[in-house]
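This report refers to the structure that appears directly beneath it.
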Amino acid sequence: MRKITIFCGMLCMFMWVSTAWADATVESYTKFGGIQGQGAYEGTSTSRIQGHMKLESTNFKFTGAILSWAAGGGETATITRIDKGVIWTLNPKKKTYLEMPFAGSKSDKSGIKESEPQNQEPTGAEEKPKTRLTKSEFTVKKTGASQAINAFPCEEYLVTWLVETENIETKARERNIMTTNLWTTPETSTIKKLQAEELAFSTAYLKKMGINISPEEMKQFGMGGFMSMSGTPEAAMEGEFQGFKKEMAKVKGYPIRTIVNWRVEKDKKEALKEAEPNPVGGIDPFGGIGGILGGIKGAVSQKVQSEAEDAMKPSENAPFFSNTIEVKSIKTDSIPESTFDIPSGYTKEKGLW
C-alpha cells in the first residue's frame, strides 16, 4: 500500500532528530498506533553513533488484539558501517546475524564506498493528474504550555496541516488532517553535539546510497511525501514549500516529544465503496494459505476467531496513522569502538545477502 510504504518520508518533516566526529547516545520510547489501528506496537530504542558507525537496538511488543497474541514482541539490533559498506542485522535471541552490503557500491580513493549511478529508464509521456488541490492550510502555533519531560524543560508547538483534494473525474473529495504536538527543549551544548553527530552520519549515509540531498531538502521530501500520499498533484506541491518553511521557522529548540495524528475524511459514497468486501484482494487472517494466522486456525474456537476478525477491522474513529516518539536521555560520552562490531559468539546466517 503506497500510503504505508512512504509514510516514513512524512515523518522526516517533523523529526529532524536525525543524528562532527564525537560520540552520541540517544534513548527513546515509541508508541505506534498502527495504520487505522492495525499493527500497533510500543517499545524502547537506543541509538549509538560514532563517526560513520551506528548501532540501533530496539525492544518492542505488539499491542494490537491480534499481533500481541500471535507475535508478542522481540528484540532487534542493527549495526550500520558506512566505512565498511555493510549493514549487520543481529538476532540477539539466536546469536546470529545477516550481512547486507550497500547496493551497487564501489571503493573510492578514501576507502569509503559510494553507490554507482543507476541508469534511469525514460518515463515516457507524463500521466495526466487525477486529482486537484482545492485547499491547503499549514500552521504552526506556540500553545504557551510548558512542562518538564524526562528532565528536559519543554514548550509545546501545535503543527496543523489540512489538505483537501478532489478527484477530477468522479468529483469525490478527500480531507487529510495531520496534527503534530511538538514539545521542544532549548539546544544545549550536548544537544548541539548530538545534532552535529547525527547530521554527519546521515549525510554520509545518503552519499553512500548515491543520494545528494541537504537536510532542508529532506524536510521538503517529508512534506512532499505527505502531499503525495494525500493525492496532491506534483505541480501543486512546489507552491506549498515556501509557506511550509516560513511556518516551521517558528519552532525553536530540539524535539523531545513528537505526537503525530493523521486523519483521512472521504465523501460518504466513496467511503462506503471502499468499505465493501473484497474477496480477491482482501486479507482473511484465518483462512487459506495466505491467511496470516492460517497455521493456527485449528487452535482457536469459533468465538475467538470471530472476535479476532472483528479486531482486525479498522475503527471508524481511529486515525489513519498515529505515532508518538519521546526522547528519554541524551549522552555524548565516549563509546568503545568495539560496540560497532559483531558481538563475540554470533554466527552468520545464510540469507538473501
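Chain lettering (A, B, ...) mirrors the order of the C-alpha cells, residue numbering begins at 1 for each chain separately, and ligand numbering begins at 1 in order of display.
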* To do: Write out as a list in words all residues of range 161-220 of chain A that backbone DSSP assigns to alpha helix (DSSP H).
  => Ser189, Thr190, Ile191, Lys192, Lys193, Leu194, Gln195, Ala196, Glu197, Glu198, Leu199, Ala200, Phe201, Ser202, Thr203, Ala204, Tyr205, Leu206, Lys207, Lys208, Pro215, Glu216, Glu217, Met218, Lys219 and Gln220 of chain A
Write to file, as a PDB file, in the first residue's frame, the residues of the selection just made, with C-alpha atoms.
```
ATOM      1  CA  SER A 189      25.895  22.201  24.052  1.00  0.00           C
ATOM      2  CA  THR A 190      25.134  18.475  24.451  1.00  0.00           C
ATOM      3  CA  ILE A 191      22.211  18.646  22.046  1.00  0.00           C
ATOM      4  CA  LYS A 192      24.225  20.641  19.502  1.00  0.00           C
ATOM      5  CA  LYS A 193      26.918  17.990  19.691  1.00  0.00           C
ATOM      6  CA  LEU A 194      24.296  15.296  19.081  1.00  0.00           C
ATOM      7  CA  GLN A 195      22.839  17.190  16.124  1.00  0.00           C
ATOM      8  CA  ALA A 196      26.262  17.546  14.519  1.00  0.00           C
ATOM      9  CA  GLU A 197      26.918  13.839  15.003  1.00  0.00           C
ATOM     10  CA  GLU A 198      23.610  12.740  13.508  1.00  0.00           C
ATOM     11  CA  LEU A 199      23.871  15.195  10.635  1.00  0.00           C
ATOM     12  CA  ALA A 200      27.360  13.950   9.726  1.00  0.00           C
ATOM     13  CA  PHE A 201      26.196  10.322   9.804  1.00  0.00           C
ATOM     14  CA  SER A 202      23.002  10.990   7.825  1.00  0.00           C
ATOM     15  CA  THR A 203      24.873  12.951   5.158  1.00  0.00           C
ATOM     16  CA  ALA A 204      27.479  10.190   4.783  1.00  0.00           C
ATOM     17  CA  TYR A 205      24.752   7.528   4.639  1.00  0.00           C
ATOM     18  CA  LEU A 206      22.831   9.323   1.895  1.00  0.00           C
ATOM     19  CA  LYS A 207      26.044   9.870  -0.044  1.00  0.00           C
ATOM     20  CA  LYS A 208      26.829   6.173   0.229  1.00  0.00           C
ATOM     21  CA  PRO A 215      18.675  18.481   5.473  1.00  0.00           C
ATOM     22  CA  GLU A 216      16.411  21.275   4.211  1.00  0.00           C
ATOM     23  CA  GLU A 217      15.578  19.245   1.117  1.00  0.00           C
ATOM     24  CA  MET A 218      14.878  16.242   3.336  1.00  0.00           C
ATOM     25  CA  LYS A 219      12.245  18.246   5.195  1.00  0.00           C
ATOM     26  CA  GLN A 220      10.716  19.175   1.850  1.00  0.00           C
TER      27      GLN A 220
END
```
* **Surrounding residues of range 85-97 of chain A excluding itself and chain neighbours under 4 positions, 6 Å, only C-alpha atoms, as a ChimeraX atom specification** => /A:77-81,101-102,346-349
Keeping C-alpha atoms for every residue in the selection just given, could you write it to a file as a CSV table (one decimal), in the first residue's frame?
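For reference, again.csv as written:
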```
chain,number,residue,atom,x,y,z
A,77,ALA,CA,19.7,-4.7,16.7
A,78,THR,CA,21.2,-3.2,13.5
A,79,ILE,CA,24.8,-2.1,13.0
A,80,THR,CA,25.4,0.3,10.1
A,81,ARG,CA,29.0,0.6,9.0
A,101,PRO,CA,26.2,-4.8,1.6
A,102,PHE,CA,25.3,-1.3,0.3
A,346,TYR,CA,27.5,-14.7,16.9
A,347,THR,CA,27.4,-16.7,13.7
A,348,LYS,CA,26.5,-15.6,10.2
A,349,GLU,CA,23.1,-16.7,8.7
```
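Nearest residue to Gly144 in chain A among A:Leu182, A:Ile177, A:Ile342, A:Ala24 is A:Leu182, counting only C-alpha atoms.
Nearest to Ile330 in chain A of all the residues A:Asn150, A:Ser136, A:Asn176, A:Asn261 is A:Asn150, based on only C-alpha atoms.
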Exercise: Pro336 in chain A partners within 10 Å, only C-alpha atoms, chain neighbours under 4 positions left out, as a JSON list (two decimals) with C-alpha atoms, in the first residue's frame:
```json
[["chain", "number", "residue", "atom", "x", "y", "z"],
["A", 23, "ASP", "CA", 30.10, 10.01, 20.20],
["A", 50, "GLN", "CA", 30.45, 7.25, 16.34],
["A", 340, "PHE", "CA", 30.00, -1.34, 16.46]]
```
